[in-house]
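Asks: Sharing upload.txt, compact mmCIF, C-alpha atoms (C1' of nucleotides):
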```txt
# COMPACT_ATOMS: atom_id res chain seq x y z
CA MET D 1 -23.93 -109.53 15.55
CA LYS D 2 -27.25 -109.22 13.78
CA THR D 3 -28.83 -112.54 12.76
CA ASN D 4 -30.40 -113.41 9.46
CA SER D 5 -33.85 -113.53 10.95
CA PHE D 6 -33.46 -110.13 12.58
CA ILE D 7 -32.42 -108.68 9.22
CA ALA D 8 -35.29 -110.44 7.45
CA GLY D 9 -37.64 -108.93 10.00
CA ARG D 10 -36.34 -105.44 9.36
CA LEU D 11 -36.95 -105.97 5.63
CA ARG D 12 -40.49 -107.20 6.21
CA GLU D 13 -41.21 -104.21 8.44
CA SER D 14 -40.40 -102.03 5.46
CA ASN D 15 -42.49 -104.17 3.10
CA ILE D 16 -39.45 -105.45 1.26
CA LYS D 17 -39.45 -109.13 0.45
CA PRO D 18 -36.53 -110.74 2.25
CA SER D 19 -34.76 -112.43 -0.65
CA PRO D 20 -31.41 -114.07 0.10
CA GLN D 21 -29.57 -111.31 -1.78
CA ARG D 22 -31.25 -108.54 0.17
CA ILE D 23 -30.70 -110.27 3.50
CA LYS D 24 -27.02 -110.81 2.79
CA ILE D 25 -26.42 -107.23 1.70
CA LEU D 26 -28.21 -105.64 4.63
CA GLU D 27 -26.64 -108.13 7.02
CA TYR D 28 -23.19 -107.22 5.75
CA LEU D 29 -23.84 -103.53 6.29
CA ALA D 30 -25.25 -104.15 9.75
CA ASN D 31 -22.32 -106.26 10.93
CA TYR D 32 -19.39 -104.57 9.23
CA PRO D 33 -19.59 -100.83 9.90
CA CYS D 34 -16.81 -99.99 7.45
CA HIS D 35 -18.73 -97.75 5.02
CA PRO D 36 -18.18 -100.07 2.06
CA THR D 37 -18.65 -99.13 -1.57
CA VAL D 38 -20.80 -101.11 -3.99
CA ASP D 39 -17.74 -102.85 -5.27
CA ARG D 40 -16.56 -103.71 -1.78
CA ILE D 41 -19.92 -105.23 -0.86
CA TYR D 42 -20.02 -107.16 -4.11
CA SER D 43 -16.53 -108.58 -3.65
CA ALA D 44 -17.19 -109.48 -0.03
CA LEU D 45 -20.35 -111.43 -0.80
CA LEU D 46 -19.26 -113.09 -4.03
CA PRO D 47 -17.52 -116.08 -2.37
CA ASP D 48 -20.77 -116.91 -0.58
CA MET D 49 -23.07 -116.18 -3.51
CA PRO D 50 -21.19 -116.91 -6.73
CA THR D 51 -24.13 -115.95 -8.94
CA LEU D 52 -24.57 -112.51 -7.39
CA SER D 53 -24.56 -109.70 -9.91
CA LYS D 54 -23.33 -106.19 -9.33
CA SER D 55 -26.61 -104.93 -10.79
CA THR D 56 -28.38 -106.65 -7.94
CA VAL D 57 -26.17 -104.91 -5.42
CA TYR D 58 -26.97 -101.55 -7.01
CA ASN D 59 -30.69 -102.30 -7.16
CA THR D 60 -30.85 -103.60 -3.62
CA LEU D 61 -28.98 -100.67 -2.14
CA LYS D 62 -31.37 -98.30 -3.88
CA ILE D 63 -34.33 -100.16 -2.38
CA LEU D 64 -32.75 -100.19 1.08
CA ARG D 65 -31.91 -96.52 0.84
CA ASP D 66 -35.46 -95.59 -0.17
CA ALA D 67 -36.71 -97.55 2.82
CA ARG D 68 -34.21 -95.64 4.97
CA LEU D 69 -32.64 -98.88 6.17
CA VAL D 70 -29.27 -97.76 4.86
CA ARG D 71 -27.73 -94.37 4.17
CA GLU D 72 -25.54 -93.17 1.35
CA VAL D 73 -22.31 -91.53 2.45
CA THR D 74 -21.21 -89.24 -0.36
CA ILE D 75 -18.09 -87.86 1.27
CA GLU D 76 -15.95 -89.10 -1.58
CA GLU D 77 -16.25 -87.57 -5.02
CA ASN D 78 -16.10 -90.56 -7.31
CA GLU D 79 -17.79 -93.33 -5.40
CA VAL D 80 -20.71 -93.73 -3.01
CA HIS D 81 -20.24 -95.47 0.32
CA TYR D 82 -23.02 -97.12 2.32
CA GLU D 83 -23.82 -97.63 5.98
CA TYR D 84 -26.48 -99.28 8.06
CA ALA D 85 -28.80 -96.54 9.26
CA ILE D 86 -28.66 -96.05 12.98
CA LYS D 87 -28.30 -92.81 14.91
CA ALA D 88 -27.25 -89.86 12.77
CA HIS D 89 -23.61 -88.82 13.09
CA GLY D 90 -20.84 -86.97 11.33
CA HIS D 91 -18.31 -88.46 8.94
CA PHE D 92 -14.62 -87.72 8.65
CA ARG D 93 -12.63 -88.90 5.65
CA CYS D 94 -8.86 -89.13 5.74
CA LEU D 95 -7.45 -87.68 2.53
CA ASP D 96 -4.36 -89.83 3.00
CA CYS D 97 -5.62 -93.38 3.64
CA GLY D 98 -9.23 -92.87 2.54
CA GLU D 99 -10.67 -94.32 5.73
CA ILE D 100 -14.02 -92.93 6.83
CA TYR D 101 -14.51 -92.36 10.58
CA ASP D 102 -17.79 -91.76 12.38
CA PHE D 103 -18.03 -89.16 15.07
CA GLN D 104 -20.90 -87.94 17.21
CA ALA D 105 -22.28 -84.71 15.86
CA ASP D 106 -25.77 -83.44 16.31
CA ALA D 107 -26.87 -81.78 13.11
CA GLU D 108 -30.10 -80.79 14.82
CA GLU D 109 -28.20 -78.17 16.74
CA ILE D 110 -27.31 -76.30 13.57
CA ASN D 111 -29.38 -73.18 13.21
CA THR D 112 -31.70 -73.36 10.20
CA ASP D 113 -33.56 -70.06 10.47
CA GLU D 114 -32.53 -69.21 6.94
CA LEU D 115 -34.17 -72.37 5.63
CA ARG D 116 -37.56 -71.46 7.08
CA GLY D 117 -40.30 -72.88 4.87
CA PHE D 118 -38.01 -75.58 3.51
CA TYR D 119 -38.69 -79.27 4.07
CA ILE D 120 -35.44 -80.79 5.31
CA THR D 121 -35.06 -84.55 4.96
CA GLU D 122 -31.33 -85.05 5.34
CA LYS D 123 -28.54 -83.41 7.27
CA ASP D 124 -24.99 -84.46 6.48
CA ILE D 125 -21.83 -83.33 8.20
CA TYR D 126 -18.69 -84.18 6.25
CA PHE D 127 -15.25 -83.31 7.59
CA LYS D 128 -11.98 -84.04 5.81
CA GLY D 129 -8.32 -83.98 6.70
CA VAL D 130 -5.70 -86.45 7.88
CA CYS D 131 -6.40 -89.03 10.57
CA GLY D 132 -4.24 -89.59 13.62
CA GLN D 133 -2.64 -92.79 12.32
CA CYS D 134 -1.56 -91.20 9.05
CA LEU D 135 -0.21 -88.12 10.82
CA LYS D 136 1.88 -90.34 13.07
CA ARG D 137 3.18 -92.44 10.18
CA ASP D 138 4.00 -89.35 8.11
CA ASN D 139 5.96 -87.84 11.00
CA GLN D 140 7.98 -91.00 11.49
CA THR D 141 8.81 -91.21 7.79
CA GLU D 142 10.12 -87.65 7.84
CA LYS D 143 12.67 -88.35 10.53
CA MET H 1 -18.95 -57.04 -9.47
CA LYS H 2 -15.36 -58.19 -9.40
CA THR H 3 -13.16 -56.72 -12.14
CA ASN H 4 -10.69 -58.57 -14.32
CA SER H 5 -7.73 -56.87 -12.65
CA PHE H 6 -8.96 -57.77 -9.18
CA ILE H 7 -9.27 -61.40 -10.27
CA ALA H 8 -5.87 -61.32 -11.92
CA GLY H 9 -4.46 -59.98 -8.66
CA ARG H 10 -5.96 -62.81 -6.68
CA LEU H 11 -4.37 -65.29 -9.07
CA ARG H 12 -0.98 -63.65 -8.78
CA GLU H 13 -1.23 -63.69 -4.98
CA SER H 14 -1.51 -67.46 -5.24
CA ASN H 15 1.37 -67.71 -7.72
CA ILE H 16 -0.92 -68.70 -10.56
CA LYS H 17 -0.25 -67.07 -13.87
CA PRO H 18 -3.31 -65.05 -14.84
CA SER H 19 -4.04 -66.49 -18.26
CA PRO H 20 -7.25 -65.29 -19.97
CA GLN H 21 -8.91 -68.66 -19.38
CA ARG H 22 -8.11 -68.67 -15.68
CA ILE H 23 -9.26 -65.09 -15.23
CA LYS H 24 -12.55 -65.76 -17.01
CA ILE H 25 -13.30 -68.91 -15.03
CA LEU H 26 -12.52 -67.39 -11.64
CA GLU H 27 -14.32 -64.18 -12.59
CA TYR H 28 -17.42 -66.17 -13.51
CA LEU H 29 -17.41 -67.96 -10.17
CA ALA H 30 -16.87 -64.69 -8.28
CA ASN H 31 -19.70 -62.85 -10.00
CA TYR H 32 -22.30 -65.58 -10.44
CA PRO H 33 -22.77 -67.34 -7.12
CA CYS H 34 -24.91 -70.10 -8.61
CA HIS H 35 -22.73 -73.14 -7.76
CA PRO H 36 -22.19 -74.07 -11.40
CA THR H 37 -20.92 -77.42 -12.64
CA VAL H 38 -17.99 -77.79 -15.02
CA ASP H 39 -20.38 -78.08 -17.91
CA ARG H 40 -22.29 -74.98 -16.87
CA ILE H 41 -19.11 -72.92 -16.62
CA TYR H 42 -17.94 -74.23 -19.98
CA SER H 43 -21.23 -73.41 -21.71
CA ALA H 44 -21.41 -69.96 -20.15
CA LEU H 45 -17.92 -68.97 -21.28
CA LEU H 46 -17.94 -70.59 -24.71
CA PRO H 47 -19.65 -67.65 -26.53
CA ASP H 48 -16.89 -65.34 -25.31
CA MET H 49 -14.03 -67.80 -25.84
CA PRO H 50 -14.92 -70.08 -28.74
CA THR H 51 -11.67 -72.04 -28.52
CA LEU H 52 -12.08 -72.90 -24.84
CA SER H 53 -11.81 -76.61 -24.13
CA LYS H 54 -13.57 -78.49 -21.39
CA SER H 55 -10.21 -79.98 -20.43
CA THR H 56 -9.02 -76.50 -19.64
CA VAL H 57 -12.01 -75.90 -17.40
CA TYR H 58 -11.25 -79.12 -15.53
CA ASN H 59 -7.56 -78.29 -15.23
CA THR H 60 -8.14 -74.73 -14.16
CA LEU H 61 -10.69 -75.64 -11.51
CA LYS H 62 -8.26 -78.15 -10.06
CA ILE H 63 -5.58 -75.46 -9.86
CA LEU H 64 -7.98 -72.95 -8.29
CA ARG H 65 -9.18 -75.52 -5.81
CA ASP H 66 -5.66 -76.45 -4.75
CA ALA H 67 -4.97 -72.73 -4.22
CA ARG H 68 -8.17 -72.57 -2.14
CA LEU H 69 -9.56 -69.83 -4.36
CA VAL H 70 -12.60 -71.96 -5.13
CA ARG H 71 -14.34 -74.78 -3.30
CA GLU H 72 -15.87 -77.97 -4.55
CA VAL H 73 -19.45 -78.54 -3.50
CA THR H 74 -20.08 -82.28 -3.63
CA ILE H 75 -23.66 -82.26 -2.44
CA GLU H 76 -24.83 -83.97 -5.61
CA GLU H 77 -23.83 -87.54 -6.34
CA ASN H 78 -22.97 -87.50 -10.00
CA GLU H 79 -21.52 -84.07 -10.61
CA VAL H 80 -19.28 -81.61 -8.78
CA HIS H 81 -20.38 -78.01 -8.31
CA TYR H 82 -18.01 -75.09 -7.73
CA GLU H 83 -18.12 -71.86 -5.80
CA TYR H 84 -15.90 -68.87 -5.19
CA ALA H 85 -14.35 -69.35 -1.77
CA ILE H 86 -15.55 -66.79 0.73
CA LYS H 87 -16.81 -67.33 4.25
CA ALA H 88 -17.66 -70.95 5.02
CA HIS H 89 -21.35 -71.77 5.07
CA GLY H 90 -23.80 -74.64 4.75
CA HIS H 91 -25.40 -75.89 1.55
CA PHE H 92 -28.95 -77.04 0.98
CA ARG H 93 -29.89 -78.91 -2.17
CA CYS H 94 -33.49 -79.18 -3.28
CA LEU H 95 -34.19 -82.74 -4.39
CA ASP H 96 -36.99 -81.44 -6.60
CA CYS H 97 -35.48 -78.60 -8.65
CA GLY H 98 -31.81 -79.32 -7.93
CA GLU H 99 -31.09 -75.74 -6.84
CA ILE H 100 -28.36 -75.31 -4.25
CA TYR H 101 -28.94 -72.71 -1.54
CA ASP H 102 -26.37 -71.24 0.83
CA PHE H 103 -27.18 -70.74 4.47
CA GLN H 104 -25.16 -69.48 7.39
CA ALA H 105 -23.92 -72.35 9.49
CA ASP H 106 -20.89 -72.33 11.67
CA ALA H 107 -19.19 -75.70 11.40
CA GLU H 108 -16.68 -74.55 14.00
CA GLU H 109 -19.34 -74.93 16.64
CA ILE H 110 -19.60 -78.64 16.04
CA ASN H 111 -17.93 -80.60 18.80
CA THR H 112 -14.89 -82.52 17.53
CA ASP H 113 -13.60 -84.09 20.75
CA GLU H 114 -13.76 -87.49 19.10
CA LEU H 115 -11.44 -86.32 16.33
CA ARG H 116 -8.71 -85.34 18.76
CA GLY H 117 -5.35 -85.79 17.11
CA PHE H 118 -6.80 -85.49 13.63
CA TYR H 119 -5.83 -82.70 11.28
CA ILE H 120 -9.07 -81.23 9.94
CA THR H 121 -8.86 -79.22 6.73
CA GLU H 122 -12.44 -79.10 5.56
CA LYS H 123 -15.84 -79.00 7.23
CA ASP H 124 -18.88 -79.40 5.01
CA ILE H 125 -22.50 -79.18 6.05
CA TYR H 126 -24.88 -80.58 3.44
CA PHE H 127 -28.64 -80.52 3.96
CA LYS H 128 -31.20 -81.87 1.52
CA GLY H 129 -34.96 -81.68 1.11
CA VAL H 130 -37.45 -79.59 -0.81
CA CYS H 131 -37.15 -75.82 -1.10
CA GLY H 132 -39.95 -73.36 -0.37
CA GLN H 133 -40.71 -72.63 -4.01
CA CYS H 134 -41.08 -76.28 -4.92
CA LEU H 135 -43.23 -76.99 -1.87
CA LYS H 136 -45.55 -74.14 -2.87
CA ARG H 137 -45.74 -75.25 -6.50
CA ASP H 138 -46.39 -78.87 -5.52
CA ASN H 139 -49.23 -77.85 -3.22
CA GLN H 140 -50.88 -75.76 -5.93
CA THR H 141 -50.66 -78.60 -8.44
CA GLU H 142 -52.40 -80.94 -6.00
CA LYS H 143 -55.47 -78.74 -5.72
C1' DT E 1 14.09 -58.85 -32.67
C1' DT E 2 15.36 -63.77 -32.40
C1' DA E 3 15.82 -68.15 -30.37
C1' DC E 4 15.03 -71.33 -26.98
C1' DA E 5 12.77 -73.38 -22.85
C1' DA E 6 8.92 -73.73 -19.95
C1' DA E 7 4.26 -73.31 -19.11
C1' DT E 8 -0.26 -73.57 -20.82
C1' DC E 9 -3.98 -74.99 -23.72
C1' DG E 10 -7.07 -78.00 -26.46
C1' DA E 11 -8.55 -82.28 -29.03
C1' DT E 12 -9.03 -86.96 -28.55
C1' DA E 13 -9.24 -91.17 -26.39
C1' DA E 14 -9.57 -93.86 -22.13
C1' DT E 15 -11.49 -94.87 -17.56
C1' DC E 16 -14.85 -96.22 -14.48
C1' DA E 17 -18.96 -95.76 -11.46
C1' DT E 18 -23.57 -95.90 -12.33
C1' DT E 19 -27.86 -96.73 -14.98
C1' DA E 20 -30.88 -98.90 -18.45
C1' DT E 21 -32.59 -102.82 -20.71
C1' DC E 22 -34.45 -107.10 -21.05
C1' DG E 23 -34.79 -112.07 -20.98
C1' DG E 24 -34.95 -115.71 -17.57
C1' DA E 25 -35.79 -117.52 -12.84
C1' DA E 26 -38.21 -117.67 -8.64
C1' DA E 27 -42.18 -116.71 -5.64
C1' DG E 28 -47.01 -116.28 -4.52
C1' DG E 29 -51.93 -116.60 -5.33
C1' DC E 30 -55.76 -119.30 -7.08
C1' DG X 1 -50.23 -127.30 -11.54
C1' DC X 2 -50.84 -122.68 -13.99
C1' DC X 3 -50.41 -117.92 -14.32
C1' DT X 4 -49.06 -113.39 -12.81
C1' DT X 5 -45.93 -110.68 -10.56
C1' DT X 6 -41.71 -109.78 -8.69
C1' DC X 7 -36.95 -110.29 -8.64
C1' DC X 8 -32.40 -111.33 -10.42
C1' DG X 9 -28.37 -111.17 -13.51
C1' DA X 10 -25.80 -110.36 -17.97
C1' DT X 11 -24.84 -107.05 -21.18
C1' DA X 12 -24.67 -102.73 -23.16
C1' DA X 13 -25.10 -97.71 -22.67
C1' DT X 14 -24.29 -93.35 -20.34
C1' DG X 15 -21.74 -89.61 -18.77
C1' DA X 16 -18.53 -87.20 -15.68
C1' DT X 17 -13.82 -87.15 -15.11
C1' DT X 18 -8.95 -88.11 -16.23
C1' DA X 19 -4.92 -89.07 -19.19
C1' DT X 20 -2.22 -88.20 -23.10
C1' DC X 21 0.22 -85.59 -26.09
C1' DG X 22 1.01 -82.41 -29.74
C1' DA X 23 0.31 -77.41 -30.60
C1' DT X 24 0.31 -72.83 -28.97
C1' DT X 25 1.61 -69.21 -26.13
C1' DT X 26 4.56 -66.96 -22.78
C1' DG X 27 8.81 -65.63 -20.55
C1' DT X 28 13.66 -64.83 -20.79
C1' DA X 29 18.14 -63.96 -22.32
C1' DA X 30 21.34 -62.85 -25.77
```
I need this file expressed as structure tokens, please.
Replies:
Amino acid sequence: MKTNSFIAGRLRESNIKPSPQRIKILEYLANYPCHPTVDRIYSALLPDMPTLSKSTVYNTLKILRDARLVREVTIEENEVHYEYAIKAHGHFRCLDCGEIYDFQADAEEINTDELRGFYITEKDIYFKGVCGQCLKRDNQTEK
Amino acid sequence: MKTNSFIAGRLRESNIKPSPQRIKILEYLANYPCHPTVDRIYSALLPDMPTLSKSTVYNTLKILRDARLVREVTIEENEVHYEYAIKAHGHFRCLDCGEIYDFQADAEEINTDELRGFYITEKDIYFKGVCGQCLKRDNQTEK
DNA sequence: TTACAAATCGATAATCATTATCGGAAAGGC
DNA sequence: GCCTTTCCGATAATGATTATCGATTTGTAA
């Protein structure tokens, strides 16, 4: 569980003023690794901060992303998900329940000879399909 | 250069009636491997088919995608790109000029032990950064 | 050919995530 | 305390995508 002061420190390290809104948003992402959307973050924090605006969530996430404190997960077409930036990994999205799973995958191992002379800043691995839970449920329903 | 009749054949193989609109759209994707967006496809075909509607482009692409004749490339946040489905490969998007480059990358080599019991239907590798051309241009401008 | 049913197409409106704008509030320096 | 800068929040605007639904075309059978 990351504390407020730890989060505030991370913001200061990146030269971002630790306002209450920014602390809360980054803290939420650090403690709930559920790849939330903007709307999800907004709804989760609203009870605690009734004056929070969705614009602020958008603005803050953009700041945090530029500082590389959070990452955008664009595995879904119509909405961006966010995650606290730790070690790089792959993402799997279940086309049935929509859940996003992390899995270890080293993108550095992918051969990039063809991209010689390119400056690569981001390597995303996005898999899709049906997760184990949904497969099991679907099989039971069939019987 | 893929011919109309070849394209029509591919549609029939997938039990899709080869209407003129569908042939033109799939033919465009097969012959111009530029990862176009819906709007790009629409604009390119409009001179030849003045009555074409953007709705039809959307509908047709959805049909072609479901038949796995084309793939959606969701490497950009706000717009979907399309490509004729051939051998799987990685995509690199230049954050400067927006161009999308293909590169050989075998997603099958990525270890998926953690996804045991999952049914995987799609494996996307999306890299981002700055392409060689843009790097060169930017350096010249600096001088 | 004619008639009818099904599939397809196209125009318009609706949806919804995201962005832009801008006035007001808070923070920080002097 | 005053002033400047930064930050926040409400509202409106944007733009890709989807939904709707009537019109057109296609396929089929008499």
Asks: Could you check how far atom CA of His91 of chain H sits from atom CA of Tyr126 of chain H, in Å to one decimal?
Replies: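 Those two atoms sit 5.1 Å apart.
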Asks: May I have the residues of chain H within 6 Å of chain D, counting only C-alpha atoms, written as a list in words?
Replies: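 That gives the following set of residues: Gly117, Phe118, Tyr119, Ile120, Thr121, Glu122, Lys123, Asp124, Ile125, Tyr126, Phe127, Lys128, Gly129, Val130, Cys131 and Gly132 of chain H.
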Asks: Report, in Å to a single decimal, how far apart atom C1' of DG23 of chain E and atom C1' of DC2 of chain X are.
Replies: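 Calculated distance between atom C1' of DC2 of chain X and atom C1' of DG23 of chain E is 20.5 Å.
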Asks: Do me a favour and pick out the residues of chain E within 9 Å of chain H, using only C-alpha atoms (C1' of nucleotides), as a PyMOL selection string.
Replies: chain E and resi 8-11+18
Asks: Return as a PyMOL selection string the residues belonging to chain X that are within 12 Å of chain D, counting all atoms listed in the file.
Replies: chain X and resi 6-11+16-18
Asks: So the first atom is atom CA of Asn4 of chain D and the second is atom CA of Tyr42 of chain D; what is the distance between them in Å, to one decimal place?
Replies: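 Here the two named atoms are 18.2 Å from each other.
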Asks: Measuring atom to atom with all atoms listed in the file, identify which of X:DA23, X:DA29, X:DC3, X:DA13 is nearest to DG29 of chain E.
Replies: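 Comparing X:DA23, X:DA29, X:DC3, X:DA13 against DG29 of chain E, the winner is X:DC3.
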Asks: Please tell me which residues are no farther than 8 Å from (7.1, -70.0, -26.3) in the file, counting all atoms listed in the file, and write them as number ranges by chain.
Replies: E: 5-6; X: 24-27
Asks: Could you check the closest approach to Arg22 of chain H for each of H:Ile63, H:Ala44, H:Ile100, H:Met1 and tell me which residue wins, using all atoms listed in the file?
Replies: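 The shortest atom-to-atom distance to Arg22 of chain H comes from H:Ile63.
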Asks: Skip Glu13 of chain D itself and residues of its chain fewer than 5 positions away, then list as an mmCIF file with C-alpha atoms, in the coordinates of the input all residues within 10 Å of it, counting all atoms listed in the file.
Replies:
```cif
data_model
loop_
_atom_site.group_PDB
_atom_site.id
_atom_site.type_symbol
_atom_site.label_atom_id
_atom_site.label_comp_id
_atom_site.auth_asym_id
_atom_site.auth_seq_id
_atom_site.Cartn_x
_atom_site.Cartn_y
_atom_site.Cartn_z
ATOM 1 C CA ILE D 7 -32.420 -108.680 9.220
ATOM 2 C CA ALA D 8 -35.290 -110.440 7.450
ATOM 3 C CA ALA D 67 -36.710 -97.550 2.820
#
```
Asks: Hey, can you pull every residue with an atom no more than 12 Å from (-24.2, -64.5, -8.4), using all atoms listed in the file, and send it as an MDAnalysis selection string?
Replies: chainID H and resid 1:2 27:36 83:84 101:102
Asks: Identify, on the basis of all atoms listed in the file, every residue whose closest approach to DT5 of chain X does not exceed 12 Å; exclude the query and any residue fewer than 6 positions from it along the same chain; express the result as a PyMOL selection string.
Replies: chain E and resi 26-29
Asks: Of the candidates E:DC30, E:DG24, E:DT19, E:DA14, which one gets nearest to DA19 of chain X if we count all atoms listed in the file?
Replies: E:DA14
